[in-house]
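Raw query_16.txt, compact mmCIF, C-alpha atoms and all ligand atoms:
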# COMPACT_ATOMS: atom_id res chain seq x y z
CA GLY A 1 -7.07 -89.63 -191.49
CA LYS A 2 -9.06 -87.18 -189.43
CA ARG A 3 -10.41 -83.93 -190.78
CA ILE A 4 -9.24 -81.14 -188.50
CA GLY A 5 -10.41 -77.52 -188.47
CA VAL A 6 -8.40 -74.64 -187.04
CA VAL A 7 -10.02 -71.41 -185.80
CA THR A 8 -8.60 -68.15 -184.45
CA SER A 9 -11.12 -66.38 -182.24
CA GLY A 10 -11.52 -63.39 -179.92
CA GLY A 11 -8.87 -60.68 -179.83
CA ASP A 12 -6.03 -61.23 -182.31
CA SER A 13 -2.54 -61.84 -181.01
CA PRO A 14 0.87 -62.13 -182.67
CA GLY A 15 1.64 -65.80 -183.24
CA MET A 16 -1.83 -66.88 -184.34
CA ASN A 17 -0.56 -67.37 -187.91
CA SER A 18 2.23 -69.58 -186.63
CA VAL A 19 -0.47 -71.66 -184.92
CA VAL A 20 -2.45 -72.05 -188.14
CA ARG A 21 0.68 -72.94 -190.09
CA ALA A 22 1.77 -75.53 -187.53
CA VAL A 23 -1.69 -77.11 -187.29
CA VAL A 24 -2.11 -77.28 -191.07
CA ARG A 25 1.31 -78.78 -191.67
CA GLN A 26 1.30 -81.21 -188.73
CA SER A 27 -2.17 -82.38 -189.79
CA ILE A 28 -1.01 -83.03 -193.32
CA ALA A 29 2.21 -84.69 -192.09
CA SER A 30 0.07 -87.00 -189.93
CA GLY A 31 -2.09 -88.05 -192.88
CA CYS A 32 -5.04 -85.84 -191.90
CA THR A 33 -6.88 -83.14 -193.82
CA ALA A 34 -6.65 -79.57 -192.53
CA PHE A 35 -9.30 -76.87 -192.79
CA ALA A 36 -9.10 -73.21 -191.87
CA VAL A 37 -12.24 -71.61 -190.47
CA TYR A 38 -12.26 -67.94 -191.48
CA GLU A 39 -13.46 -65.05 -189.25
CA GLY A 40 -13.57 -66.97 -185.98
CA TYR A 41 -16.82 -68.64 -184.94
CA GLN A 42 -18.65 -66.54 -187.52
CA GLY A 43 -17.05 -68.76 -190.16
CA LEU A 44 -18.42 -71.87 -188.47
CA VAL A 45 -21.91 -70.38 -188.44
CA ASP A 46 -21.68 -69.14 -192.05
CA GLY A 47 -20.07 -72.33 -193.39
CA GLY A 48 -19.53 -72.79 -197.14
CA ASP A 49 -16.45 -70.98 -198.38
CA MET A 50 -15.64 -69.77 -194.86
CA ILE A 51 -14.34 -73.28 -194.08
CA ARG A 52 -11.55 -74.05 -196.53
CA GLU A 53 -9.23 -76.99 -196.97
CA MET A 54 -5.63 -75.86 -196.60
CA ALA A 55 -2.67 -77.24 -198.54
CA TRP A 56 0.93 -77.28 -197.27
CA GLU A 57 1.90 -74.25 -199.35
CA ASP A 58 -1.17 -72.22 -198.35
CA VAL A 59 0.52 -71.29 -195.07
CA ARG A 60 3.98 -70.63 -196.49
CA GLY A 61 5.67 -67.70 -194.73
CA TRP A 62 2.87 -67.30 -192.20
CA THR A 63 5.07 -67.68 -189.15
CA SER A 64 6.41 -64.13 -189.40
CA GLU A 65 3.07 -62.42 -190.08
CA GLY A 66 1.30 -60.45 -187.34
CA GLY A 67 -2.41 -60.62 -186.55
CA THR A 68 -4.39 -63.53 -187.95
CA LEU A 69 -4.60 -64.01 -191.73
CA ILE A 70 -7.71 -66.21 -191.47
CA GLY A 71 -9.46 -63.43 -189.56
CA THR A 72 -11.12 -63.37 -186.18
CA ALA A 73 -14.39 -61.99 -184.87
CA ARG A 74 -16.63 -61.62 -181.90
CA CYS A 75 -19.61 -63.73 -182.91
CA MET A 76 -22.98 -63.25 -181.20
CA ALA A 77 -24.64 -66.10 -183.13
CA PHE A 78 -22.27 -68.63 -181.55
CA MET A 79 -23.44 -67.57 -178.08
CA GLU A 80 -26.88 -69.01 -178.98
CA ARG A 81 -27.68 -72.68 -179.31
CA SER A 82 -29.32 -72.06 -182.69
CA GLY A 83 -26.07 -70.60 -184.03
CA ARG A 84 -24.10 -73.56 -182.72
CA LEU A 85 -26.61 -75.93 -184.34
CA THR A 86 -25.97 -74.28 -187.71
CA ALA A 87 -22.23 -74.44 -187.01
CA ALA A 88 -22.47 -78.16 -186.24
CA ASN A 89 -24.34 -78.80 -189.47
CA ASN A 90 -21.66 -76.90 -191.42
CA LEU A 91 -18.92 -79.00 -189.83
CA VAL A 92 -20.77 -82.22 -190.71
CA GLU A 93 -21.08 -80.89 -194.26
CA LYS A 94 -17.28 -80.66 -194.48
CA GLY A 95 -16.75 -83.93 -192.62
CA ILE A 96 -14.89 -82.19 -189.79
CA ASP A 97 -15.02 -83.75 -186.33
CA ALA A 98 -12.07 -82.06 -184.61
CA LEU A 99 -11.48 -78.37 -183.95
CA ILE A 100 -8.36 -76.64 -182.71
CA ILE A 101 -9.21 -73.21 -181.34
CA CYS A 102 -6.70 -70.47 -180.64
CA GLY A 103 -8.21 -67.67 -178.58
CA GLY A 104 -8.77 -66.24 -175.14
CA ASP A 105 -10.82 -67.65 -172.27
CA GLY A 106 -14.10 -66.57 -173.90
CA SER A 107 -13.34 -68.46 -177.10
CA LEU A 108 -12.16 -71.52 -175.21
CA THR A 109 -15.27 -71.51 -173.01
CA GLY A 110 -17.43 -71.39 -176.13
CA ALA A 111 -15.45 -74.26 -177.67
CA ASP A 112 -15.92 -76.56 -174.73
CA ARG A 113 -19.61 -75.69 -174.53
CA PHE A 114 -19.90 -76.69 -178.21
CA ARG A 115 -18.20 -80.03 -177.45
CA ALA A 116 -20.45 -80.69 -174.45
CA GLU A 117 -23.68 -80.15 -176.35
CA TRP A 118 -22.47 -81.76 -179.61
CA PRO A 119 -24.34 -85.09 -179.10
CA SER A 120 -27.59 -83.21 -178.50
CA LEU A 121 -26.93 -81.04 -181.57
CA MET A 122 -26.51 -84.23 -183.61
CA ASP A 123 -29.83 -85.52 -182.21
CA GLU A 124 -31.52 -82.29 -183.17
CA LEU A 125 -30.14 -82.46 -186.73
CA ILE A 126 -31.71 -85.92 -187.00
CA SER A 127 -35.04 -85.08 -185.36
CA SER A 128 -35.45 -81.97 -187.51
CA GLY A 129 -34.88 -84.09 -190.62
CA LYS A 130 -31.73 -82.20 -191.72
CA ARG A 131 -29.51 -85.28 -191.40
CA THR A 132 -30.05 -89.02 -191.14
CA GLU A 133 -28.81 -91.20 -188.31
CA ASP A 134 -26.53 -93.12 -190.69
CA GLU A 135 -25.02 -89.90 -192.00
CA LEU A 136 -24.14 -88.77 -188.48
CA LYS A 137 -22.68 -92.08 -187.24
CA PRO A 138 -19.09 -90.92 -187.77
CA PHE A 139 -19.85 -87.61 -186.00
CA ARG A 140 -21.03 -88.73 -182.58
CA HIS A 141 -18.18 -86.95 -180.89
CA LEU A 142 -16.51 -83.58 -181.44
CA ASN A 143 -12.86 -83.22 -180.47
CA ILE A 144 -11.80 -79.87 -179.11
CA VAL A 145 -8.26 -78.74 -178.37
CA GLY A 146 -7.54 -75.23 -177.08
CA LEU A 147 -4.51 -73.01 -177.60
CA VAL A 148 -4.25 -69.76 -175.68
CA GLY A 149 -3.81 -66.79 -177.99
CA SER A 150 -3.83 -63.54 -176.04
CA ILE A 151 -1.50 -60.60 -175.57
CA ASP A 152 -2.65 -60.28 -171.95
CA ASN A 153 -1.03 -63.47 -170.54
CA ASP A 154 -4.20 -63.82 -168.52
CA LEU A 155 -4.82 -67.57 -168.54
CA SER A 156 -4.09 -69.51 -165.36
CA GLY A 157 -2.15 -72.71 -165.86
CA THR A 158 0.24 -71.57 -168.56
CA ASP A 159 3.38 -69.51 -168.07
CA ALA A 160 2.93 -67.61 -171.32
CA THR A 161 0.07 -67.13 -173.78
CA ILE A 162 0.76 -66.92 -177.50
CA GLY A 163 1.37 -63.23 -178.23
CA CYS A 164 2.23 -61.88 -174.79
CA TYR A 165 5.98 -61.60 -175.37
CA SER A 166 5.53 -59.85 -178.73
CA SER A 167 3.26 -57.35 -177.07
CA LEU A 168 5.65 -56.86 -174.16
CA GLN A 169 8.47 -56.28 -176.63
CA ARG A 170 6.41 -53.66 -178.48
CA ILE A 171 5.56 -51.89 -175.21
CA CYS A 172 9.23 -51.81 -174.20
CA GLN A 173 10.26 -50.42 -177.59
CA SER A 174 7.57 -47.74 -177.31
CA ILE A 175 8.70 -46.79 -173.83
CA ASP A 176 12.29 -46.57 -175.10
CA PHE A 177 11.09 -44.05 -177.71
CA ILE A 178 9.20 -42.08 -175.09
CA ASP A 179 12.19 -42.19 -172.71
CA ALA A 180 14.33 -40.28 -175.15
CA THR A 181 11.96 -37.35 -175.46
CA ALA A 182 11.03 -37.46 -171.75
CA PHE A 183 14.73 -37.21 -170.84
CA SER A 184 15.29 -34.33 -173.23
CA HIS A 185 12.50 -32.19 -171.77
CA GLN A 186 12.65 -33.60 -168.22
CA ARG A 187 9.04 -34.64 -168.62
CA ALA A 188 6.87 -37.25 -166.95
CA PHE A 189 4.86 -39.74 -169.01
CA VAL A 190 1.95 -41.80 -167.86
CA ILE A 191 1.67 -44.80 -170.15
CA GLU A 192 -1.48 -46.87 -170.34
CA VAL A 193 -0.95 -50.44 -171.49
CA MET A 194 -3.40 -53.21 -172.40
CA GLY A 195 -4.09 -56.34 -170.41
CA ARG A 196 -7.80 -56.16 -169.54
CA HIS A 197 -8.07 -57.54 -165.99
CA CYS A 198 -4.50 -58.77 -165.98
CA GLY A 199 -1.48 -56.72 -164.94
CA TRP A 200 1.20 -58.93 -166.47
CA LEU A 201 2.05 -56.60 -169.38
CA ALA A 202 2.20 -53.55 -167.10
CA LEU A 203 4.26 -55.33 -164.46
CA MET A 204 6.79 -56.84 -166.86
CA ALA A 205 7.06 -53.61 -168.86
CA GLY A 206 7.76 -51.80 -165.58
CA VAL A 207 10.47 -54.29 -164.67
CA SER A 208 11.96 -54.21 -168.17
CA CYS A 209 11.98 -50.43 -168.56
CA GLY A 210 12.71 -49.33 -165.00
CA ALA A 211 9.44 -47.49 -164.49
CA ASP A 212 9.07 -45.21 -161.46
CA PHE A 213 5.66 -46.58 -160.48
CA ILE A 214 3.16 -49.10 -161.87
CA MET A 215 -0.52 -49.78 -161.26
CA ILE A 216 -1.92 -53.29 -161.77
CA PRO A 217 -5.34 -54.70 -160.91
CA GLU A 218 -4.11 -57.69 -158.87
CA ASN A 219 -2.05 -55.63 -156.47
CA PRO A 220 -3.48 -52.12 -156.22
CA PRO A 221 -1.37 -49.39 -154.61
CA SER A 222 -1.84 -48.56 -150.92
CA GLU A 223 -4.82 -46.58 -149.54
CA ASN A 224 -2.85 -43.33 -149.67
CA TRP A 225 -1.28 -44.14 -153.04
CA GLU A 226 -1.50 -40.55 -154.27
CA GLU A 227 0.94 -39.26 -151.64
CA GLU A 228 3.05 -42.40 -151.85
CA MET A 229 3.48 -42.17 -155.61
CA CYS A 230 4.22 -38.44 -155.52
CA SER A 231 6.84 -38.81 -152.79
CA ILE A 232 8.57 -41.70 -154.60
CA ILE A 233 8.69 -39.69 -157.80
CA LYS A 234 9.95 -36.58 -156.03
CA LYS A 235 12.69 -38.71 -154.47
CA HIS A 236 13.69 -40.10 -157.88
CA ARG A 237 13.91 -36.55 -159.22
CA GLN A 238 16.01 -35.44 -156.24
CA MET A 239 18.38 -38.30 -157.05
CA GLY A 240 18.94 -36.68 -160.42
CA LYS A 241 16.47 -38.53 -162.65
CA ARG A 242 15.47 -36.36 -165.64
CA LYS A 243 12.42 -38.37 -166.62
CA THR A 244 9.49 -40.11 -164.99
CA ILE A 245 7.57 -43.11 -166.31
CA VAL A 246 4.40 -44.37 -164.64
CA ILE A 247 2.72 -47.43 -166.20
CA VAL A 248 -1.00 -47.87 -165.70
CA ALA A 249 -2.66 -51.16 -166.68
CA GLU A 250 -5.97 -50.58 -168.43
CA GLY A 251 -7.71 -52.52 -165.63
CA ALA A 252 -6.00 -50.60 -162.81
CA HIS A 253 -7.99 -49.57 -159.74
CA ASP A 254 -7.42 -48.70 -156.11
CA ARG A 255 -8.06 -51.03 -153.16
CA LYS A 256 -11.76 -50.13 -153.22
CA LEU A 257 -12.04 -50.93 -156.96
CA ASN A 258 -12.30 -47.28 -158.02
CA LYS A 259 -10.72 -46.99 -161.45
CA ILE A 260 -7.29 -45.38 -161.63
CA SER A 261 -6.92 -43.73 -165.01
CA ALA A 262 -3.82 -42.39 -166.71
CA VAL A 263 -5.37 -38.92 -166.70
CA MET A 264 -5.84 -39.03 -162.90
CA VAL A 265 -2.17 -39.91 -162.50
CA LYS A 266 -1.15 -37.16 -164.91
CA ASP A 267 -3.12 -34.56 -162.95
CA LEU A 268 -1.41 -35.63 -159.72
CA LEU A 269 2.06 -35.43 -161.23
CA SER A 270 1.35 -32.01 -162.74
CA GLN A 271 -0.36 -30.49 -159.71
CA LYS A 272 1.34 -32.17 -156.75
CA VAL A 273 4.84 -32.77 -158.13
CA GLY A 274 4.92 -29.91 -160.60
CA LEU A 275 6.08 -32.03 -163.52
CA ASP A 276 5.29 -31.34 -167.17
CA THR A 277 3.32 -34.55 -167.69
CA ARG A 278 1.87 -36.22 -170.78
CA VAL A 279 -0.31 -39.27 -171.23
CA THR A 280 0.42 -41.87 -173.89
CA THR A 281 -2.11 -44.62 -174.48
CA LEU A 282 -0.27 -47.23 -176.51
CA GLY A 283 -3.46 -48.81 -177.86
CA HIS A 284 -3.41 -51.22 -180.76
CA VAL A 285 0.27 -50.89 -181.67
CA GLN A 286 0.63 -53.37 -178.79
CA ARG A 287 -1.15 -56.03 -180.86
CA GLY A 288 0.37 -55.37 -184.25
CA GLY A 289 3.50 -56.30 -186.09
CA PRO A 290 5.37 -59.54 -186.52
CA PRO A 291 5.53 -61.96 -183.59
CA CYS A 292 8.80 -62.16 -181.66
CA ALA A 293 10.85 -65.36 -181.87
CA TYR A 294 9.45 -66.71 -178.59
CA ASP A 295 5.85 -66.45 -179.79
CA ARG A 296 6.68 -68.13 -183.12
CA MET A 297 8.36 -70.96 -181.26
CA LEU A 298 5.57 -71.30 -178.67
CA ALA A 299 2.85 -71.22 -181.32
CA THR A 300 4.61 -73.76 -183.51
CA LEU A 301 5.37 -76.23 -180.72
CA GLN A 302 1.87 -75.88 -179.29
CA GLY A 303 0.22 -76.17 -182.71
CA VAL A 304 2.04 -79.45 -183.29
CA GLU A 305 1.04 -80.67 -179.81
CA ALA A 306 -2.59 -79.73 -180.48
CA VAL A 307 -2.71 -82.01 -183.53
CA LYS A 308 -1.14 -84.82 -181.49
CA ALA A 309 -3.78 -84.27 -178.81
CA VAL A 310 -6.51 -84.58 -181.45
CA LEU A 311 -5.02 -87.87 -182.64
CA ASP A 312 -4.76 -89.21 -179.06
CA ALA A 313 -8.30 -88.25 -178.09
CA THR A 314 -11.00 -90.78 -177.28
CA PRO A 315 -14.70 -89.98 -176.76
CA GLU A 316 -13.98 -90.01 -173.01
CA THR A 317 -11.08 -87.51 -173.16
CA GLU A 318 -11.74 -84.11 -171.56
CA SER A 319 -10.96 -81.19 -173.86
CA PRO A 320 -7.33 -80.24 -173.31
CA VAL A 321 -5.67 -76.85 -173.51
CA ILE A 322 -2.03 -76.79 -174.54
CA CYS A 323 0.10 -74.94 -171.99
CA ILE A 324 3.75 -74.21 -171.32
CA VAL A 325 4.94 -74.85 -167.77
CA GLU A 326 8.58 -74.45 -166.82
CA ASN A 327 9.56 -74.58 -170.48
CA LYS A 328 7.68 -77.79 -171.22
CA ILE A 329 4.71 -78.04 -173.54
CA VAL A 330 1.96 -79.82 -171.59
CA ARG A 331 -1.75 -80.61 -171.90
CA LYS A 332 -4.11 -79.57 -169.12
CA PRO A 333 -7.88 -79.91 -168.71
CA LEU A 334 -9.34 -76.90 -170.52
CA LEU A 335 -12.18 -76.33 -168.06
CA ASP A 336 -9.77 -76.35 -165.11
CA ALA A 337 -7.63 -73.62 -166.64
CA ILE A 338 -10.68 -71.48 -167.38
CA ALA A 339 -12.12 -72.03 -163.89
CA LYS A 340 -8.83 -70.97 -162.29
CA THR A 341 -8.69 -67.90 -164.53
CA GLN A 342 -12.22 -66.92 -163.48
CA GLU A 343 -11.28 -67.46 -159.82
CA VAL A 344 -8.62 -64.77 -160.12
CA ALA A 345 -11.16 -62.34 -161.56
CA ALA A 346 -13.51 -63.18 -158.68
CA HIS A 347 -10.76 -62.59 -156.10
CA ILE A 348 -10.19 -59.13 -157.58
CA GLN A 349 -13.92 -58.38 -157.50
CA ASN A 350 -14.00 -59.51 -153.85
CA MET A 351 -10.99 -57.28 -153.13
CA ASP A 352 -8.99 -60.30 -151.98
CA PHE A 353 -5.82 -59.12 -153.71
CA GLU A 354 -3.50 -61.59 -152.00
CA ALA A 355 -5.54 -64.48 -153.37
CA ALA A 356 -5.53 -62.83 -156.81
CA MET A 357 -1.74 -62.66 -156.80
CA ARG A 358 -1.48 -66.27 -155.64
CA GLY A 359 -3.91 -67.28 -158.39
CA ARG A 360 -1.75 -65.68 -161.06
CA ASP A 361 1.21 -67.70 -159.78
CA ALA A 362 -0.74 -70.96 -159.49
CA GLU A 363 1.31 -72.67 -162.18
CA PHE A 364 4.43 -72.26 -160.09
CA GLU A 365 2.86 -73.92 -157.06
CA GLU A 366 1.65 -77.03 -158.82
P1 LIG B 1 -11.59 -64.00 -176.00
O1 LIG B 1 -11.60 -65.34 -176.63
O2 LIG B 1 -10.42 -63.18 -176.48
O3 LIG B 1 -11.72 -64.06 -174.50
P2 LIG B 1 -14.40 -63.20 -176.29
O4 LIG B 1 -14.70 -63.37 -174.85
O5 LIG B 1 -14.94 -62.02 -177.00
O6 LIG B 1 -12.83 -63.18 -176.59
O7 LIG B 1 -14.93 -64.50 -177.04
C1 LIG B 1 -14.79 -64.63 -178.44
C2 LIG B 1 -16.01 -65.33 -179.01
O8 LIG B 1 -16.14 -66.63 -178.42
C3 LIG B 1 -17.33 -64.66 -178.72
O9 LIG B 1 -17.60 -63.61 -179.62
C4 LIG B 1 -18.30 -65.80 -178.92
O10 LIG B 1 -18.55 -66.05 -180.29
C5 LIG B 1 -17.51 -66.99 -178.34
N1 LIG B 1 -17.88 -67.20 -176.94
C6 LIG B 1 -17.40 -66.59 -175.84
N2 LIG B 1 -17.99 -67.03 -174.72
C7 LIG B 1 -18.89 -67.97 -175.12
C8 LIG B 1 -19.84 -68.82 -174.44
N3 LIG B 1 -19.97 -68.78 -173.11
N4 LIG B 1 -20.58 -69.65 -175.19
C9 LIG B 1 -20.46 -69.68 -176.53
N5 LIG B 1 -19.60 -68.93 -177.22
C10 LIG B 1 -18.82 -68.08 -176.53
Do you think you could lay out the structure here as structure tokens?
Amino acid sequence: GKRIGVVTSGGDSPGMNSVVRAVVRQSIASGCTAFAVYEGYQGLVDGGDMIREMAWEDVRGWTSEGGTLIGTARCMAFMERSGRLTAANNLVEKGIDALIICGGDGSLTGADRFRAEWPSLMDELISSGKRTEDELKPFRHLNIVGLVGSIDNDLSGTDATIGCYSSLQRICQSIDFIDATAFSHQRAFVIEVMGRHCGWLALMAGVSCGADFIMIPENPPSENWEEEMCSIIKKHRQMGKRKTIVIVAEGAHDRKLNKISAVMVKDLLSQKVGLDTRVTTLGHVQRGGPPCAYDRMLATLQGVEAVKAVLDATPETESPVICIVENKIVRKPLLDAIAKTQEVAAHIQNMDFEAAMRGRDAEFEE
């Protein structure tokens, strides 16, 4: 059987433990050996005890745990070829020739880069005298399978990333708590939510909680958004609303890419609408806590599919990323998904917001 490593990398997201559990158990069930790489790519570079064989019972109960129990990191060494050479040697040491990576687009880009240069890394291990040609015969090819772990739901090509629905749930709960006190005092709250360059969490939280106004990077408010927002909120108040909720995505900006901050919005609501306004930045509570049922299910089904993809792979196979499209677990070319994700970011930078919105919906058009 194959020897398969599983890594969680980049920002943690709820559901990563369900991924590790599913990969470990599906590997074992398929007659393979499973390894957990601790602390993201740092564990690959450090090797030794950071790459550990996992038994069936080692992942017992992991599906309901938040964060990632095998750790994650941002690893500078892996950005350099020399770090990846050390990582390759450590994998050879453990006899591992397949890696399943759960992370964001950065982590998945790094993974595919590692796969692409693997043959040349093997050559270098031989030419530097670290390994012999015979030793490396079984390692001529590295299999990579990606899983998207991110609270931001920012990867093109998949309807949901592992963790986004847990985070959305947490945001909605938090807004429910804030609603109660806002109502009591007739206050306004400006709530900043995560999402980096992606407005999905802010948009869906706005829909789910009935926010008065939202700001997302893909579809910035109109040129005269200050007046527009204030007049909408005044109207809501005149209709008898006792509370005001404005949701600002952390990446929010106006149509000229000037940042819109929660504090700017608060000042407007205080000064122009005369509301007693507070800012709440939800911060890392959005990442914590146990994954919701959807993320456990998604992570488990995709973890199983990732192992199957490893077993199906040939040296010619492009690295796949496991997606969910219209409720079906599917494999897509990893590089395609990353390229489309980067296109959306470029559209935003070029202020082509219509194209950015279309890019986010690409999976529905296919
Ligand atoms: P995310 O995976 O959440 O997008 P990062 O962009 O921080 O998070 O990437 C996580 C890690 O993946 C980085 O710290 C680095 O070790 C690795 N990585 C990211 N981009 C590359 C790259 N272009 N080449 C090699 N490794 C990369």
Residues within 7 Å of segment 88-104 of chain A, all atoms listed in the file, excluding chain neighbours under 4 positions, as a PyMOL selection string | chain A and resi 3-10+44+47+84+108+139+142-150+306+310
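With only the atoms specified (all atoms listed in the file) counting, those residues at most 12 Å away from (9.7, -76.2, -172.6) are A:Thr158, A:Asp159, A:Ala160, A:Tyr294, A:Met297, A:Leu298, A:Leu301, A:Gln302, A:Ile322, A:Cys323, A:Ile324, A:Val325, A:Glu326, A:Asn327, A:Lys328, A:Ile329, A:Val330.
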Neighbouring residues of ligand LIG 1 (chain B) are defined here as those with any atom at most 7 Å from a ligand atom, counting all atoms listed in the file; list them as a ChimeraX atom specification. /A:9-11,41,73-80,103-111,113,150
The distance between atom CA of Ile245 of chain A and atom CA of Leu268 of chain A is 13.4 Å
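The space between atom CA of Glu124 of chain A and atom CA of Lys137 of chain A spans 13.8 Å.
Take the candidates A:Ile28, A:Val207, A:Val246, A:Leu334 and check each one against Val321 of chain A using all atoms listed in the file; the shortest distance goes to A:Leu334.
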Q: Choose the residue, out of A:Ala299, A:Ala337, A:Ala356, A:Ala36, that has the smallest atom-to-atom separation from Ala22 of chain A; count only C-alpha atoms.
A: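 Of all the options, A:Ala299 lies closest to Ala22 of chain A.
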Practice task
Check the smallest atom-to-atom distance from each of A:Ser222, A:Ser261, A:Thr132, A:Ser184 to Thr244 of chain A using only C-alpha atoms, then report the winner.
Solution key: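 Under the stated criterion, the closest residue is A:Ser184.
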Segment 285-293 of chain A: which residues within 9 Å, counting all atoms listed in the file, same-chain residues fewer than 2 positions away excluded, as a PDB file with C-alpha atoms, in the frame of the given file?
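The file below, part.pdb, is the result:
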ATOM      1  CA  ASP A  12      -6.030 -61.230-182.310  1.00  0.00           C
ATOM      2  CA  SER A  13      -2.540 -61.840-181.010  1.00  0.00           C
ATOM      3  CA  PRO A  14       0.870 -62.130-182.670  1.00  0.00           C
ATOM      4  CA  GLY A  15       1.640 -65.800-183.240  1.00  0.00           C
ATOM      5  CA  MET A  16      -1.830 -66.880-184.340  1.00  0.00           C
ATOM      6  CA  SER A  18       2.230 -69.580-186.630  1.00  0.00           C
ATOM      7  CA  THR A  63       5.070 -67.680-189.150  1.00  0.00           C
ATOM      8  CA  SER A  64       6.410 -64.130-189.400  1.00  0.00           C
ATOM      9  CA  GLU A  65       3.070 -62.420-190.080  1.00  0.00           C
ATOM     10  CA  GLY A  66       1.300 -60.450-187.340  1.00  0.00           C
ATOM     11  CA  GLY A  67      -2.410 -60.620-186.550  1.00  0.00           C
ATOM     12  CA  ILE A 151      -1.500 -60.600-175.570  1.00  0.00           C
ATOM     13  CA  GLY A 163       1.370 -63.230-178.230  1.00  0.00           C
ATOM     14  CA  TYR A 165       5.980 -61.600-175.370  1.00  0.00           C
ATOM     15  CA  SER A 166       5.530 -59.850-178.730  1.00  0.00           C
ATOM     16  CA  SER A 167       3.260 -57.350-177.070  1.00  0.00           C
ATOM     17  CA  LEU A 168       5.650 -56.860-174.160  1.00  0.00           C
ATOM     18  CA  GLN A 169       8.470 -56.280-176.630  1.00  0.00           C
ATOM     19  CA  ARG A 170       6.410 -53.660-178.480  1.00  0.00           C
ATOM     20  CA  ILE A 171       5.560 -51.890-175.210  1.00  0.00           C
ATOM     21  CA  VAL A 193      -0.950 -50.440-171.490  1.00  0.00           C
ATOM     22  CA  MET A 194      -3.400 -53.210-172.400  1.00  0.00           C
ATOM     23  CA  LEU A 282      -0.270 -47.230-176.510  1.00  0.00           C
ATOM     24  CA  GLY A 283      -3.460 -48.810-177.860  1.00  0.00           C
ATOM     25  CA  ASP A 295       5.850 -66.450-179.790  1.00  0.00           C
ATOM     26  CA  ARG A 296       6.680 -68.130-183.120  1.00  0.00           C
ATOM     27  CA  MET A 297       8.360 -70.960-181.260  1.00  0.00           C
ATOM     28  CA  LEU A 298       5.570 -71.300-178.670  1.00  0.00           C
TER      29      LEU A 298
END
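In this comparison, which uses only C-alpha atoms, the residue of A:Thr300, A:Thr181, A:Asn350, A:Thr314 approaching His141 of chain A most closely is A:Thr314.
Between atom CA of Met357 of chain A and atom CA of Glu218 of chain A there is a distance of 5.9 Å.
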Could you list, as a PDB file with C-alpha atoms, in the coordinates of the input, every residue within 12 Å of Ile232 of chain A, counting only C-alpha atoms and ignoring same-chain residues fewer than 2 positions away?
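In the end it all went to result_13.pdb:
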ATOM      1  CA  ALA A 211       9.440 -47.490-164.490  1.00  0.00           C
ATOM      2  CA  ASP A 212       9.070 -45.210-161.460  1.00  0.00           C
ATOM      3  CA  PHE A 213       5.660 -46.580-160.480  1.00  0.00           C
ATOM      4  CA  ILE A 214       3.160 -49.100-161.870  1.00  0.00           C
ATOM      5  CA  TRP A 225      -1.280 -44.140-153.040  1.00  0.00           C
ATOM      6  CA  GLU A 226      -1.500 -40.550-154.270  1.00  0.00           C
ATOM      7  CA  GLU A 227       0.940 -39.260-151.640  1.00  0.00           C
ATOM      8  CA  GLU A 228       3.050 -42.400-151.850  1.00  0.00           C
ATOM      9  CA  MET A 229       3.480 -42.170-155.610  1.00  0.00           C
ATOM     10  CA  CYS A 230       4.220 -38.440-155.520  1.00  0.00           C
ATOM     11  CA  LYS A 234       9.950 -36.580-156.030  1.00  0.00           C
ATOM     12  CA  LYS A 235      12.690 -38.710-154.470  1.00  0.00           C
ATOM     13  CA  HIS A 236      13.690 -40.100-157.880  1.00  0.00           C
ATOM     14  CA  ARG A 237      13.910 -36.550-159.220  1.00  0.00           C
ATOM     15  CA  GLN A 238      16.010 -35.440-156.240  1.00  0.00           C
ATOM     16  CA  MET A 239      18.380 -38.300-157.050  1.00  0.00           C
ATOM     17  CA  LYS A 241      16.470 -38.530-162.650  1.00  0.00           C
ATOM     18  CA  THR A 244       9.490 -40.110-164.990  1.00  0.00           C
ATOM     19  CA  ILE A 245       7.570 -43.110-166.310  1.00  0.00           C
ATOM     20  CA  VAL A 246       4.400 -44.370-164.640  1.00  0.00           C
ATOM     21  CA  LEU A 269       2.060 -35.430-161.230  1.00  0.00           C
ATOM     22  CA  VAL A 273       4.840 -32.770-158.130  1.00  0.00           C
TER      23      VAL A 273
END
Polymer residues at most 7 Å from (14.8, -38.7, -169.0) by only C-alpha atoms, as a PDB file with C-alpha atoms, in the coordinates of the input:
ATOM      1  CA  ASP A 179      12.190 -42.190-172.710  1.00  0.00           C
ATOM      2  CA  ALA A 180      14.330 -40.280-175.150  1.00  0.00           C
ATOM      3  CA  ALA A 182      11.030 -37.460-171.750  1.00  0.00           C
ATOM      4  CA  PHE A 183      14.730 -37.210-170.840  1.00  0.00           C
ATOM      5  CA  SER A 184      15.290 -34.330-173.230  1.00  0.00           C
ATOM      6  CA  GLN A 186      12.650 -33.600-168.220  1.00  0.00           C
ATOM      7  CA  LYS A 241      16.470 -38.530-162.650  1.00  0.00           C
ATOM      8  CA  ARG A 242      15.470 -36.360-165.640  1.00  0.00           C
ATOM      9  CA  LYS A 243      12.420 -38.370-166.620  1.00  0.00           C
ATOM     10  CA  THR A 244       9.490 -40.110-164.990  1.00  0.00           C
TER      11      THR A 244
END
With distances taken over all atoms listed in the file, the candidate from A:Val265, A:Ala355, A:Leu136, A:Ala29 nearest Trp56 of chain A is A:Ala29
